[in-house]
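Trainee: Pasting a structure below so you can have a look.
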Amino acid sequence: LGEGRPEEAEAIVGIDALMLLYARVRKAWDTDEMEPVDFTDAGDRVVVRHVWHARGRGPDLDIEQAIVCTLSQGRISTVQPFWNHHEALKAVGLEE
């Protein structure tokens, strides 16, 4: 799993890698949730804009982010995070 800014990170491939990422994140806060804001259809990919809420052990967190989910056989096969919704749209060939 990549370090640094999400748009500089490699895509997260596979359920094990995604669950490892979530486990790392959950060590930093007592509770967290992702609140979907909107979904953009991009063929075999979906751009999901969401707000990440986290509470406990440090400052509260409310950050708007985006992820690009690639679908394969009706399932999510990769997840690529972005800090910026516009950059996520550009990554799938869509401009806002």
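Residues in the structure tokens are named by chain (A, B, ... in the order shown) and by number from 1 within that chain; ligands are numbered from 1 in the order shown.
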As a PyMOL selection string, list the residues of chain A assigned to strand (DSSP E or B) by DSSP on the backbone atoms of this structure.
Mentor: chain A and resi 12-13+31-42+45-55+61-72+75-82
Trainee: I'd like the contact shell of range 63-67 of chain A - 8 Å cut-off, only C-alpha atoms, skipping same-chain residues fewer than 6 positions apart - returned as a list in words.
Mentor: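 Contacts, in chain order: Val47, Val48, Arg49, His50, Val51, Trp52, His53, Val79, Gln80, Pro81, Phe82, Trp83, Asn84, His85 and Ala88 of chain A.
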Trainee: Can I get the selection written as a compact mmCIF listing (two decimals), in the first residue's frame, with N, CA, C and O atoms?
Mentor:
```
# COMPACT_ATOMS: atom_id res chain seq x y z
N VAL A 47 -16.75 6.42 -10.08
CA VAL A 47 -16.13 7.42 -9.22
C VAL A 47 -17.08 7.67 -8.06
O VAL A 47 -18.25 8.00 -8.27
N VAL A 48 -16.59 7.48 -6.84
CA VAL A 48 -17.41 7.68 -5.65
C VAL A 48 -16.82 8.86 -4.86
O VAL A 48 -15.69 8.78 -4.38
N ARG A 49 -17.60 9.93 -4.77
CA ARG A 49 -17.19 11.06 -3.92
C ARG A 49 -17.80 10.78 -2.55
O ARG A 49 -18.98 10.43 -2.44
N HIS A 50 -16.99 10.92 -1.51
CA HIS A 50 -17.48 10.63 -0.16
C HIS A 50 -16.83 11.56 0.85
O HIS A 50 -15.82 12.20 0.56
N VAL A 51 -17.45 11.63 2.04
CA VAL A 51 -16.86 12.34 3.16
C VAL A 51 -16.47 11.29 4.18
O VAL A 51 -17.27 10.43 4.54
N TRP A 52 -15.20 11.34 4.60
CA TRP A 52 -14.70 10.40 5.60
C TRP A 52 -14.78 11.10 6.95
O TRP A 52 -14.19 12.14 7.17
N HIS A 53 -15.54 10.51 7.87
CA HIS A 53 -15.69 11.01 9.23
C HIS A 53 -14.94 10.05 10.17
O HIS A 53 -15.17 8.85 10.10
N VAL A 79 -9.39 -0.40 -6.18
CA VAL A 79 -9.83 0.87 -5.62
C VAL A 79 -8.64 1.81 -5.66
O VAL A 79 -7.56 1.47 -5.17
N GLN A 80 -8.84 2.98 -6.26
CA GLN A 80 -7.76 3.97 -6.32
C GLN A 80 -8.24 5.25 -5.64
O GLN A 80 -9.23 5.84 -6.07
N PRO A 81 -7.57 5.67 -4.57
CA PRO A 81 -8.01 6.85 -3.82
C PRO A 81 -7.47 8.15 -4.43
O PRO A 81 -6.39 8.18 -5.02
N PHE A 82 -8.24 9.23 -4.25
CA PHE A 82 -7.85 10.57 -4.68
C PHE A 82 -8.30 11.57 -3.61
O PHE A 82 -9.39 11.43 -3.06
N TRP A 83 -7.50 12.58 -3.36
CA TRP A 83 -7.91 13.65 -2.45
C TRP A 83 -8.94 14.54 -3.13
O TRP A 83 -9.75 15.16 -2.48
N ASN A 84 -8.89 14.63 -4.45
CA ASN A 84 -9.64 15.61 -5.19
C ASN A 84 -10.61 14.91 -6.16
O ASN A 84 -10.19 14.09 -6.97
N HIS A 85 -11.88 15.25 -6.10
CA HIS A 85 -12.90 14.65 -6.96
C HIS A 85 -12.60 14.92 -8.44
O HIS A 85 -12.74 14.03 -9.28
N ALA A 88 -10.05 12.52 -9.72
CA ALA A 88 -10.64 11.19 -9.91
C ALA A 88 -11.42 11.14 -11.22
O ALA A 88 -11.33 10.16 -11.97
```
Trainee: Taking only C-alpha atoms into account, which of A:Val25, A:Ala17, A:Ile12, A:Val92 comes nearest Asp44 in chain A?
Mentor: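 The shortest atom-to-atom distance to Asp44 in chain A comes from A:Val92.
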Trainee: Among chain A, which ones does DSSP place in alpha helix (DSSP H), written as a PyMOL selection string?
Mentor: chain A and resi 15-26+85-91
Trainee: Skipping near chain neighbours, those fewer than 4 positions away, what residues fall within 12 Å of Gly14 in chain A using only C-alpha atoms, listed as a PDB file with N, CA and C atoms, in the first residue's frame?
Mentor:
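Now in around15.pdb:
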```pdb
ATOM      1  N   LEU A   1       0.846  -1.173   0.000  1.00  0.00           N
ATOM      2  CA  LEU A   1       0.000   0.000   0.000  1.00  0.00           C
ATOM      3  C   LEU A   1       0.884   1.226   0.000  1.00  0.00           C
ATOM      4  N   LEU A  18      -7.229  -4.264   0.567  1.00  0.00           N
ATOM      5  CA  LEU A  18      -8.185  -3.256   1.009  1.00  0.00           C
ATOM      6  C   LEU A  18      -8.482  -3.406   2.500  1.00  0.00           C
ATOM      7  N   MET A  19      -8.670  -4.623   2.959  1.00  0.00           N
ATOM      8  CA  MET A  19      -8.953  -4.847   4.375  1.00  0.00           C
ATOM      9  C   MET A  19      -7.746  -4.479   5.247  1.00  0.00           C
ATOM     10  N   LEU A  20      -6.521  -4.706   4.743  1.00  0.00           N
ATOM     11  CA  LEU A  20      -5.317  -4.296   5.466  1.00  0.00           C
ATOM     12  C   LEU A  20      -5.277  -2.776   5.602  1.00  0.00           C
ATOM     13  N   LEU A  21      -5.605  -2.064   4.528  1.00  0.00           N
ATOM     14  CA  LEU A  21      -5.646  -0.609   4.586  1.00  0.00           C
ATOM     15  C   LEU A  21      -6.661  -0.153   5.626  1.00  0.00           C
ATOM     16  N   CYS A  69     -13.438   3.027  -8.357  1.00  0.00           N
ATOM     17  CA  CYS A  69     -13.583   1.583  -8.222  1.00  0.00           C
ATOM     18  C   CYS A  69     -13.672   0.980  -9.616  1.00  0.00           C
ATOM     19  N   THR A  70     -12.834  -0.002  -9.893  1.00  0.00           N
ATOM     20  CA  THR A  70     -12.900  -0.726 -11.157  1.00  0.00           C
ATOM     21  C   THR A  70     -13.681  -2.003 -10.921  1.00  0.00           C
ATOM     22  N   LEU A  71     -14.637  -2.248 -11.796  1.00  0.00           N
ATOM     23  CA  LEU A  71     -15.509  -3.408 -11.658  1.00  0.00           C
ATOM     24  C   LEU A  71     -15.101  -4.506 -12.620  1.00  0.00           C
ATOM     25  N   SER A  72     -15.173  -5.735 -12.144  1.00  0.00           N
ATOM     26  CA  SER A  72     -14.882  -6.911 -12.966  1.00  0.00           C
ATOM     27  C   SER A  72     -15.849  -8.006 -12.549  1.00  0.00           C
ATOM     28  N   ARG A  75     -18.042  -7.210  -9.558  1.00  0.00           N
ATOM     29  CA  ARG A  75     -17.402  -6.978  -8.259  1.00  0.00           C
ATOM     30  C   ARG A  75     -16.334  -5.909  -8.392  1.00  0.00           C
ATOM     31  N   ILE A  76     -16.027  -5.260  -7.280  1.00  0.00           N
ATOM     32  CA  ILE A  76     -14.945  -4.278  -7.278  1.00  0.00           C
ATOM     33  C   ILE A  76     -13.624  -5.029  -7.270  1.00  0.00           C
ATOM     34  N   SER A  77     -12.786  -4.756  -8.276  1.00  0.00           N
ATOM     35  CA  SER A  77     -11.488  -5.441  -8.346  1.00  0.00           C
ATOM     36  C   SER A  77     -10.333  -4.551  -7.902  1.00  0.00           C
ATOM     37  N   THR A  78     -10.449  -3.236  -8.107  1.00  0.00           N
ATOM     38  CA  THR A  78      -9.420  -2.309  -7.633  1.00  0.00           C
ATOM     39  C   THR A  78     -10.081  -1.045  -7.111  1.00  0.00           C
ATOM     40  N   VAL A  79      -9.391  -0.403  -6.178  1.00  0.00           N
ATOM     41  CA  VAL A  79      -9.833   0.867  -5.616  1.00  0.00           C
ATOM     42  C   VAL A  79      -8.639   1.809  -5.661  1.00  0.00           C
ATOM     43  N   GLN A  80      -8.837   2.982  -6.263  1.00  0.00           N
ATOM     44  CA  GLN A  80      -7.762   3.968  -6.320  1.00  0.00           C
ATOM     45  C   GLN A  80      -8.243   5.249  -5.638  1.00  0.00           C
TER      46      GLN A  80
END
```
Trainee: Tell me, as a PyMOL selection string, which residues lie within 8 Å of Glu95 in chain A, counting only C-alpha atoms; anything in the same chain fewer than 3 positions away does not count.
Mentor: chain A and resi 86+89-90
Trainee: So that I have them on file, write out the residues from the current selection with all heavy atoms, as a PDB file, in the first residue's frame.
Mentor:
```pdb
ATOM      1  N   HIS A  86     -12.160  16.134  -8.748  1.00  0.00           N
ATOM      2  CA  HIS A  86     -11.830  16.480 -10.133  1.00  0.00           C
ATOM      3  C   HIS A  86     -10.726  15.561 -10.682  1.00  0.00           C
ATOM      4  O   HIS A  86     -10.810  15.097 -11.823  1.00  0.00           O
ATOM      5  CB  HIS A  86     -11.402  17.946 -10.228  1.00  0.00           C
ATOM      6  CG  HIS A  86     -11.017  18.370 -11.602  1.00  0.00           C
ATOM      7  ND1 HIS A  86     -11.933  18.555 -12.611  1.00  0.00           N
ATOM      8  CD2 HIS A  86      -9.806  18.616 -12.143  1.00  0.00           C
ATOM      9  CE1 HIS A  86     -11.300  18.908 -13.715  1.00  0.00           C
ATOM     10  NE2 HIS A  86     -10.010  18.955 -13.455  1.00  0.00           N
ATOM     11  N   LEU A  89     -12.177  12.206 -11.527  1.00  0.00           N
ATOM     12  CA  LEU A  89     -12.902  12.253 -12.800  1.00  0.00           C
ATOM     13  C   LEU A  89     -11.948  12.259 -13.984  1.00  0.00           C
ATOM     14  O   LEU A  89     -12.175  11.570 -14.986  1.00  0.00           O
ATOM     15  CB  LEU A  89     -13.813  13.487 -12.849  1.00  0.00           C
ATOM     16  CG  LEU A  89     -14.998  13.487 -11.897  1.00  0.00           C
ATOM     17  CD1 LEU A  89     -15.709  14.828 -11.943  1.00  0.00           C
ATOM     18  CD2 LEU A  89     -15.963  12.344 -12.217  1.00  0.00           C
ATOM     19  N   LYS A  90     -10.847  13.027 -13.872  1.00  0.00           N
ATOM     20  CA  LYS A  90      -9.844  13.031 -14.946  1.00  0.00           C
ATOM     21  C   LYS A  90      -9.247  11.655 -15.157  1.00  0.00           C
ATOM     22  O   LYS A  90      -8.992  11.244 -16.285  1.00  0.00           O
ATOM     23  CB  LYS A  90      -8.736  14.037 -14.621  1.00  0.00           C
ATOM     24  CG  LYS A  90      -9.100  15.458 -14.960  1.00  0.00           C
ATOM     25  CD  LYS A  90      -8.038  16.476 -14.631  1.00  0.00           C
ATOM     26  CE  LYS A  90      -6.629  16.082 -14.916  1.00  0.00           C
ATOM     27  NZ  LYS A  90      -5.635  17.114 -14.620  1.00  0.00           N
TER      28      LYS A  90
END
```
